[in-house]
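Novice: Shown below is the structure under consideration.
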Amino acid sequence: MAYVHIPKTGGGSIKHWWQTQVVPHHEIVTWYHEDLAGIHRMTGAVPDISFTVVRNTWRRLISAYMFGRHKALKKLRKRGEDLDAQVTLDMHAQGIIPFIEWMRESDHHNVRCQARYSEGVQHVIRDHNVDEWQQLLDVLGVTSRPARTHRVLDYDPSVYMTRQYVDWVADHYQLEINTFGFQPAM
């Protein structure tokens with residue numbers, strides 16, 4: 001089984017779930033934020049089952065924005081002076097749209113298109129879609145889906161859901177939004 005870990009879609013919770021619920025039944029292969037082809041390239045594995053979780057585009061990008069700040073501050077506390085962390089904080093201070101544009105320009109994995117990550121994956125689960133989760137659970141012979149155990153929302157996403165942000169995301173992430181039928185959400 002392969003798990004394609006798309007950044008900011010609950011990967012920590014998924015990993016906890018498979019260690020406690022799934023591992024007795026299935027060997028799982030994944031590779032740090034790689035798509036299915038990348039997992040094969042890095043591990044040689046040809047899994048019989050593959051899955052990924054996708055998250056509402058607007059919420060995922062807000063999460064990436066907040067995580068960028070969190071990670072930069074953590075580096076500064078740990079190491080003191082850190083040029084990369086300071087650049088990240090400087091970009092973060094410019095606002096969510098300039099920050100995401102900056103990440104896109106550097107092809108940062110946290111803001112790559114989820115539709116591209118999910119190419120070839122058998123079970124693509126929209127974060128809160130109970131039916132899609134149930135299909136995977138049935139295939140795996142597991143009864144419970146992952147609980148949110150890691151980095152649970154500690155900010156108010158509605159603060160960022162301005163008309164400018166909603167429109168910008170719709171313009172720049174059309175493939176992802178159309179593929180998964182996402183709508184702006186709080």
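We label chains A, B, ... in the order they appear in the structure tokens, count residues from 1 in each chain, and number ligands from 1 in the order shown.
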Give me the residues near region 59-68 of chain A as number ranges by chain, where near means some atom within 9 Å (using only C-alpha atoms) and where sequence neighbours in that chain fewer than 5 positions away do not count.
Specialist: A: 7-9, 54, 73, 85, 88-89, 92, 95-96, 99-100, 110-111, 153, 155, 157, 160-161, 169, 184-186
Novice: Once you have the residues from the selection above, write them out as a compact mmCIF listing (two decimals), in the first residue's frame, restricted to N, CA, C and O atoms.
Specialist:
# COMPACT_ATOMS: atom_id res chain seq x y z
N PRO A 7 1.29 17.76 1.39
CA PRO A 7 1.49 18.62 2.55
C PRO A 7 0.21 19.37 2.96
O PRO A 7 -0.58 19.77 2.12
N LYS A 8 0.06 19.52 4.27
CA LYS A 8 -1.03 20.28 4.89
C LYS A 8 -2.40 19.62 4.69
O LYS A 8 -3.42 20.28 4.58
N THR A 9 -2.40 18.28 4.64
CA THR A 9 -3.66 17.54 4.50
C THR A 9 -3.85 16.53 5.64
O THR A 9 -4.63 15.59 5.51
N VAL A 54 -6.90 14.81 0.15
CA VAL A 54 -6.83 16.18 -0.34
C VAL A 54 -7.66 17.06 0.59
O VAL A 54 -8.59 16.58 1.25
N LEU A 73 9.74 30.46 13.07
CA LEU A 73 9.94 30.86 14.47
C LEU A 73 10.61 29.75 15.28
O LEU A 73 11.48 30.02 16.13
N ALA A 85 15.06 31.29 7.79
CA ALA A 85 13.91 31.53 8.66
C ALA A 85 13.55 33.01 8.65
O ALA A 85 12.36 33.36 8.61
N THR A 88 11.74 33.82 5.44
CA THR A 88 10.38 33.30 5.52
C THR A 88 9.49 34.24 6.34
O THR A 88 8.37 34.56 5.93
N LEU A 89 9.98 34.69 7.48
CA LEU A 89 9.20 35.60 8.31
C LEU A 89 8.96 36.94 7.61
O LEU A 89 7.88 37.51 7.70
N HIS A 92 6.30 36.30 5.11
CA HIS A 92 5.04 36.09 5.82
C HIS A 92 4.43 37.43 6.22
O HIS A 92 3.22 37.62 6.11
N GLY A 95 1.98 39.29 3.89
CA GLY A 95 0.60 38.84 3.75
C GLY A 95 0.51 37.49 3.06
O GLY A 95 1.48 36.98 2.49
N ILE A 96 -0.68 36.93 3.10
CA ILE A 96 -0.86 35.56 2.62
C ILE A 96 -0.63 35.40 1.11
O ILE A 96 0.01 34.46 0.68
N PHE A 99 3.06 35.71 0.20
CA PHE A 99 3.76 34.55 0.75
C PHE A 99 3.54 33.32 -0.13
O PHE A 99 4.49 32.61 -0.47
N ILE A 100 2.31 33.06 -0.52
CA ILE A 100 2.02 31.89 -1.35
C ILE A 100 2.65 32.06 -2.73
O ILE A 100 3.20 31.10 -3.29
N ASN A 110 4.64 22.63 -0.20
CA ASN A 110 3.43 22.96 0.56
C ASN A 110 2.34 23.61 -0.28
O ASN A 110 1.18 23.65 0.16
N VAL A 111 2.68 24.14 -1.44
CA VAL A 111 1.67 24.83 -2.24
C VAL A 111 1.51 24.23 -3.64
O VAL A 111 0.82 24.80 -4.48
N LEU A 153 -5.87 22.81 14.04
CA LEU A 153 -6.13 24.23 13.81
C LEU A 153 -6.04 25.08 15.09
O LEU A 153 -6.79 24.89 16.02
N TYR A 155 -5.75 28.62 14.72
CA TYR A 155 -5.93 29.97 14.19
C TYR A 155 -7.32 30.03 13.57
O TYR A 155 -7.95 29.01 13.35
N PRO A 157 -9.29 30.63 10.37
CA PRO A 157 -9.13 30.79 8.92
C PRO A 157 -10.00 31.88 8.32
O PRO A 157 -9.67 32.44 7.28
N TYR A 160 -8.53 35.19 7.00
CA TYR A 160 -7.82 35.26 5.72
C TYR A 160 -8.76 35.17 4.51
O TYR A 160 -8.33 35.42 3.39
N MET A 161 -10.01 34.81 4.74
CA MET A 161 -10.94 34.57 3.64
C MET A 161 -11.53 35.87 3.09
O MET A 161 -12.75 36.04 3.03
N VAL A 169 -6.95 32.66 -5.12
CA VAL A 169 -6.83 31.19 -5.08
C VAL A 169 -7.60 30.58 -6.25
O VAL A 169 -7.10 29.69 -6.94
N PRO A 184 -14.88 27.84 -1.71
CA PRO A 184 -14.34 28.58 -0.56
C PRO A 184 -15.06 28.15 0.72
O PRO A 184 -16.28 28.03 0.72
N ALA A 185 -14.32 27.89 1.77
CA ALA A 185 -14.92 27.41 3.02
C ALA A 185 -14.20 28.01 4.21
O ALA A 185 -13.02 28.23 4.17
N MET A 186 -14.94 28.21 5.26
CA MET A 186 -14.36 28.72 6.51
C MET A 186 -13.84 27.56 7.31
O MET A 186 -14.26 26.51 7.38
Novice: CA of Pro47 (chain A) and CA of His108 (chain A) are how many Å apart?
Specialist: 26.4 Å
Novice: To one decimal place, how far is CA of Val139 (chain A) from CA of His109 (chain A) in Å?
Specialist: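 Between CA of Val139 (chain A) and CA of His109 (chain A) the gap works out to 28.9 Å.
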Novice: I'd like to know which residues of chain A are helix (DSSP H, G or I) (by DSSP, run on the backbone); could you write them as an NGL selection string?
Specialist: :A and (11-22 or 36-43 or 57-79 or 83-93 or 96-105 or 109-111 or 114-117 or 130-140 or 157-159 or 163-172 or 174-180)
Novice: Please return, as JSON, numbers by chain, all residues of region 14-176 of chain A that DSSP assigns to strand (DSSP E) on the basis of the backbone.
Specialist: {"A": [50, 51, 52, 53, 54, 123, 124, 125, 126]}
Novice: Please identify all polymer residues within 7 Å of Ile125 (chain A), counting only C-alpha atoms, omitting same-chain residues fewer than 2 positions from it, and present them as a PyMOL selection string.
Specialist: chain A and resi 52-54+123+127+129+132-133
Novice: Counting only C-alpha atoms, figure out which residue out of A:Cys113, A:Met42, A:Leu76, A:Met91 gets nearest to Tyr173 (chain A).
Specialist: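 Under the stated criterion, the closest residue is A:Cys113.
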Novice: Pick out the residues sitting within 12 Å of Ile39 (chain A), and hand them over as a list in words; count only C-alpha atoms, and ignore anything fewer than 2 positions along from it in its own chain.
Specialist: Met1, Ala2, Tyr3, Val4, His5, Ile28, Val29, Thr30, Trp31, Tyr32, His33, Glu34, Asp35, Leu36, Ala37, Arg41, Met42, Thr43, Gly44, Ala45, Val46, Pro47, Ser50, Tyr117, Gly120 and Val121 of chain A
Novice: Please list as an NGL selection string every residue within 10 Å of Lys75 (chain A), counting only C-alpha atoms and excluding residues in the same chain fewer than 6 positions away.
Specialist: :A and (69 or 81-82 or 84-86)
Novice: Find the residues around Phe182 (chain A) up to 9 Å (only C-alpha atoms counted), leave out those fewer than 2 positions away in its own chain, and share them as a ChimeraX atom specification.
Specialist: /A:55-58,176-180,184-185
Novice: Got a sec: who's within 10 Å of region 140-149 of chain A, counting only C-alpha atoms, leaving out chain neighbours fewer than 5 positions off, as a count of residues only?
Specialist: 21
Novice: Please determine, counting only C-alpha atoms, which residue among A:Ser106, A:Gln94, A:Gln114, A:Gln19 has the shortest atom-to-atom distance to Arg126 (chain A).
Specialist: A:Gln114
Novice: At what distance in Å, to one decimal, does CA of Glu105 (chain A) lie from CA of Arg163 (chain A)?
Specialist: 22.8 Å
